[in-house]
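Novice: First the structure, then my questions, so here it is.
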Amino acid sequence: MILNIAVLGLGEGRSTISASLASEKLNLVKICDRNEELCRQRANEFHFDAYTTKYDDLLNDPDIDVIAIYTPDHLHAGHIRQALIHGKHVVCTKPFIHDLSHARELIELSEKNNRKVFVGQSSRFFEPMKRQRTDFEKGVIGDLITVEAFYNADHRWFLNKDWSLKSEFKWLYGGLSHPVDFIRWYLPEIEEVVGYGMLSQNGVKAGLKNEDTMHFIFRAKDGRIARVSGIYTSPVQPAMRESEMSCILRGTEGASQADYHELRYSVTTREGEEKIITWGEDFKNYYFRFEGQSHHAGEYQNYLEYFADSIEQNFTAYPDIREGIGTVALLQAMDRSLQTGEKIKIDDILKEYNINL
């Protein structure tokens with residue numbers, strides 16, 4: 001079975017274009033962006049001329065099975081809603097939606113129209129993270145005690161974008177959603193969170209409006225705890241010493257760490273064996289297909305093929321719509337904790353919007 005896919009939003013959607021064209025499980029039908037110049041740029045880059053500036057052209061095309069959405073966060077809910085109404089399956093980049101007031105309607109539309117919704121948390125589909133998950137499920141480190149995750153990157157270059165200095169832009173959602181997703185992957189029942197943040201001297205100098213330096217502690221309903229950190233306008237350590245993003249699992253009989261971008265994984269097993277695994281040029285070329293490491297099309301291809309399998313074989317692809325909404329609720333609880341300095345319960349956020357997950 002080959003799924004016909006269309007891409008909405010051709011900035012980040014660039015990776016999905018590459019992934020779809022390279023996959024044997026997907027057939028790219030159309031690409032769409034309201035910026036016609038960007039459409040032409042992608043058409044020339046990928047030698048793919050089926051582009052449009054009108055979302056309706058995707059919605060009304062009966063040949064399209066899946067719409068992959070990579071538009072700005074505040075547009076996600078409306079674009080997802082329209083896709084579901086028109087009978088399309090949906091892939092949407094993270095964070096899933098900007099406003100939880102839309103959550104119940106989207107769940108109901110997904111169920112009413114029997115259409116799947118998948119949240120593109122791409123980092124789960126990077127090779128070291130995939131290996132870490134496989135080892136965890138095999139019991140290589142025993143029972144999980146705690147999870148630590150971070151995303152520390154020198155993104156001062158990013159502040160050259162005018163919109164990054166607007167009050168609406170928050171690294172909490174744009175950056176920390178990656179390590180927070182690792183926490184939810186291993187401890188899905190997070191009960192409460194507390195955190196502190198600050199705007200660094202570099203952020204103040206650049207004109208940034210919201211926190212660029214943050215640390216959070218989470219507690220799950222079973223009592224286990226986890227930690228997430230994000231620092232975005234500070235220089236970083238050399239890659240051989242510290243990755244920009246890592247997920248660290250500590251178990252009763254071992255521990256593991258998966259690193260990004262380095263294609264590096266280390267583990268101490270329950271038998272006491274210690275090893276470090278790295279992947280070579282073939283994997284690097286698969287995951288990072290464009291200049292530098294600014295896009296990561298290999299992860300997108302992995303998750304799109306996983307989603308295609310879920311449709312063909314009728315299983316749930318995670319993160320699904322409910323998990324995506326739960327992650328947004330957790331991020332909003334983190335945001336509220338930053339503002340108040342208090343512990344915030346995730347259920348309180350969900351109750352405010354009458355959401356039952």
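In the structure tokens, the first chain shown is A, the next is B, and so on; residue numbers restart at 1 for each chain, and ligands run from 1 in the order shown.
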So that I can check the surroundings of A:Gly120, please list as a list in words every protein, DNA and RNA residue that reaches within 10 Å of it, counting only C-alpha atoms and ignoring chain neighbours fewer than 2 positions away.
Specialist: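 Counting only the stated atoms, we get Ala68, Ile69, Tyr70, Val91, Cys92, Thr93, Lys94, Pro95, Phe96, Val117, Phe118, Ser122, Ser123, Arg124, Phe125, Glu299, Tyr300, Tyr303, Leu304, Phe307, Tyr318, Pro319, Asp320 and Gly324 of chain A.
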Novice: Report as a PyMOL selection string: the residues of stretch 6-53 of chain A with a DSSP assignment of strand (DSSP E or B), based on the backbone of this structure.
Specialist: chain A and resi 6-8+26-32+51-52
Novice: Name the residues in contact with A:Glu168 at a cut-off of 12 Å, using only C-alpha atoms, excluding same-chain residues fewer than 2 positions from it; report them as a VMD selection string.
Specialist: chain A and resid 72 to 74 98 162 to 166 170 to 174 208 to 211
Novice: Pick the closest to A:Leu331 from A:Ala226, A:Leu159, A:Val194, A:Leu3: which is it, counting only C-alpha atoms?
Specialist: A:Val194
Novice: Hey, what's within 8 Å of A:Pro235 if we count only C-alpha atoms and toss same-chain stuff fewer than 2 positions away? As a PyMOL selection string, please?
Specialist: chain A and resi 153-154+233+237
Novice: Write the residues of the selection above to a file with C-alpha atoms, as a PDB file, in the first residue's frame.
Specialist:
ATOM      1  CA  ALA A 153      22.185  25.099  21.804  1.00  0.00           C
ATOM      2  CA  ASP A 154      23.867  28.308  20.766  1.00  0.00           C
ATOM      3  CA  THR A 233      21.717  31.819  23.704  1.00  0.00           C
ATOM      4  CA  GLN A 237      30.781  22.646  24.739  1.00  0.00           C
TER       5      GLN A 237
END
Novice: Compare A:Asp181, A:Leu249, A:Ala206, A:Met129 by their minimum atom-to-atom distance to A:Arg264, counting only C-alpha atoms, and give me the closest one.
Specialist: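 Ranked by minimum distance to A:Arg264, first place goes to A:Met129.
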Novice: Within 12 Å of A:Gly272, counting only C-alpha atoms, which residues show up once you throw out same-chain ones fewer than 4 positions away? Write them as a compact mmCIF listing (two decimals) with all heavy atoms, in the first residue's frame, please.
Specialist:
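Generated output (result38.txt):
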# COMPACT_ATOMS: atom_id res chain seq x y z
N VAL A 140 17.36 -3.93 29.04
CA VAL A 140 18.82 -3.88 29.10
C VAL A 140 19.31 -3.11 30.33
O VAL A 140 20.36 -3.45 30.91
CB VAL A 140 19.39 -3.24 27.81
CG1 VAL A 140 20.87 -2.88 27.96
CG2 VAL A 140 19.21 -4.20 26.63
N ILE A 141 18.56 -2.09 30.78
CA ILE A 141 18.98 -1.30 31.95
C ILE A 141 18.11 -1.60 33.18
O ILE A 141 18.19 -0.90 34.19
CB ILE A 141 18.99 0.21 31.67
CG1 ILE A 141 17.58 0.73 31.41
CG2 ILE A 141 19.92 0.53 30.50
CD1 ILE A 141 17.47 2.25 31.41
N GLY A 142 17.31 -2.64 33.12
CA GLY A 142 16.43 -2.97 34.23
C GLY A 142 15.20 -2.06 34.24
O GLY A 142 14.76 -1.55 33.21
N THR A 252 17.50 0.40 37.24
CA THR A 252 17.92 -0.34 38.42
C THR A 252 19.20 -1.13 38.17
O THR A 252 19.93 -1.44 39.11
CB THR A 252 16.82 -1.32 38.84
OG1 THR A 252 16.46 -2.15 37.72
CG2 THR A 252 15.59 -0.57 39.33
N GLU A 253 19.50 -1.44 36.90
CA GLU A 253 20.66 -2.28 36.61
C GLU A 253 21.55 -1.75 35.49
O GLU A 253 22.47 -2.45 35.05
CB GLU A 253 20.19 -3.70 36.26
CG GLU A 253 19.41 -4.37 37.38
CD GLU A 253 18.95 -5.75 36.99
OE1 GLU A 253 19.82 -6.63 36.84
OE2 GLU A 253 17.74 -5.95 36.83
N GLY A 254 21.29 -0.53 35.03
CA GLY A 254 22.09 0.03 33.96
C GLY A 254 21.66 1.44 33.65
O GLY A 254 20.78 2.00 34.31
N ALA A 255 22.30 2.03 32.65
CA ALA A 255 21.97 3.39 32.25
C ALA A 255 22.30 3.55 30.77
O ALA A 255 23.12 2.81 30.21
CB ALA A 255 22.77 4.40 33.08
N VAL A 267 25.77 2.96 26.59
CA VAL A 267 24.93 2.17 27.49
C VAL A 267 25.79 1.34 28.43
O VAL A 267 26.86 0.84 28.05
CB VAL A 267 23.97 1.25 26.70
CG1 VAL A 267 24.75 0.25 25.84
CG2 VAL A 267 22.99 0.53 27.61
N THR A 268 25.36 1.24 29.67
CA THR A 268 25.87 0.27 30.64
C THR A 268 24.74 -0.73 30.86
O THR A 268 23.65 -0.35 31.31
CB THR A 268 26.24 0.93 31.97
OG1 THR A 268 27.25 1.92 31.73
CG2 THR A 268 26.78 -0.10 32.95
Novice: Enumerate the residues of stretch 124-277 of chain A with a DSSP assignment of alpha helix (DSSP H), computed from the backbone, and present them as a VMD selection string.
Specialist: chain A and resid 127 to 137 171 to 174 177 to 186 201 to 206
Novice: Excluding stretch 102-116 of chain A and its own-chain neighbours fewer than 2 positions away, which residues fall within 8 Å of it when counting only C-alpha atoms? Please give them as a list of chain:residue names.
Specialist: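 Neighbouring residues, sequence-local ones excluded: A:Ala77, A:Ile80, A:Arg81, A:Leu84, A:Ile85, A:Gly87, A:Lys88, A:His89, A:Val90, A:Ile97, A:Asp99, A:Leu100, A:Phe118, A:Ile311, A:Thr316, A:Asp320, A:Ile321, A:Arg322, A:Ile325, A:Asn354, A:Ile355.
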Novice: Write out as JSON, numbers by chain the residues lying within 12 Å of A:Gly9, counting only C-alpha atoms and excluding same-chain residues fewer than 6 positions away.
Specialist: {"A": [15, 16, 17, 30, 31, 32, 33, 34, 35, 36, 38, 39, 42, 51, 52, 53, 54, 55, 58, 67, 68, 69, 70, 71, 72, 73, 75, 76, 79, 92, 93]}
Novice: Using only C-alpha atoms, which of the listed residues (A:Ser101, A:Gln339, A:Asn202, A:Asn60) sits closest to A:Arg156?
Specialist: A:Asn202
Novice: Could you jot down the atom CA of A:Phe126 to atom CA of A:Phe169 separation for me, Å, one decimal place?
Specialist: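 According to the coordinates, atom CA of A:Phe126 and atom CA of A:Phe169 are separated by 26.1 Å.
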Novice: What separation in Å, quoted to one decimal, exists between atom CA of A:Gly11 and atom CA of A:Asn44?
Specialist: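 Those two atoms sit 14.4 Å apart.
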Novice: Which is closest to A:Thr146 among A:Val204, A:Gly78, A:Ile248, A:Asp212, if we use only C-alpha atoms?
Specialist: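 That would be A:Ile248, the residue with the smallest distance to A:Thr146.
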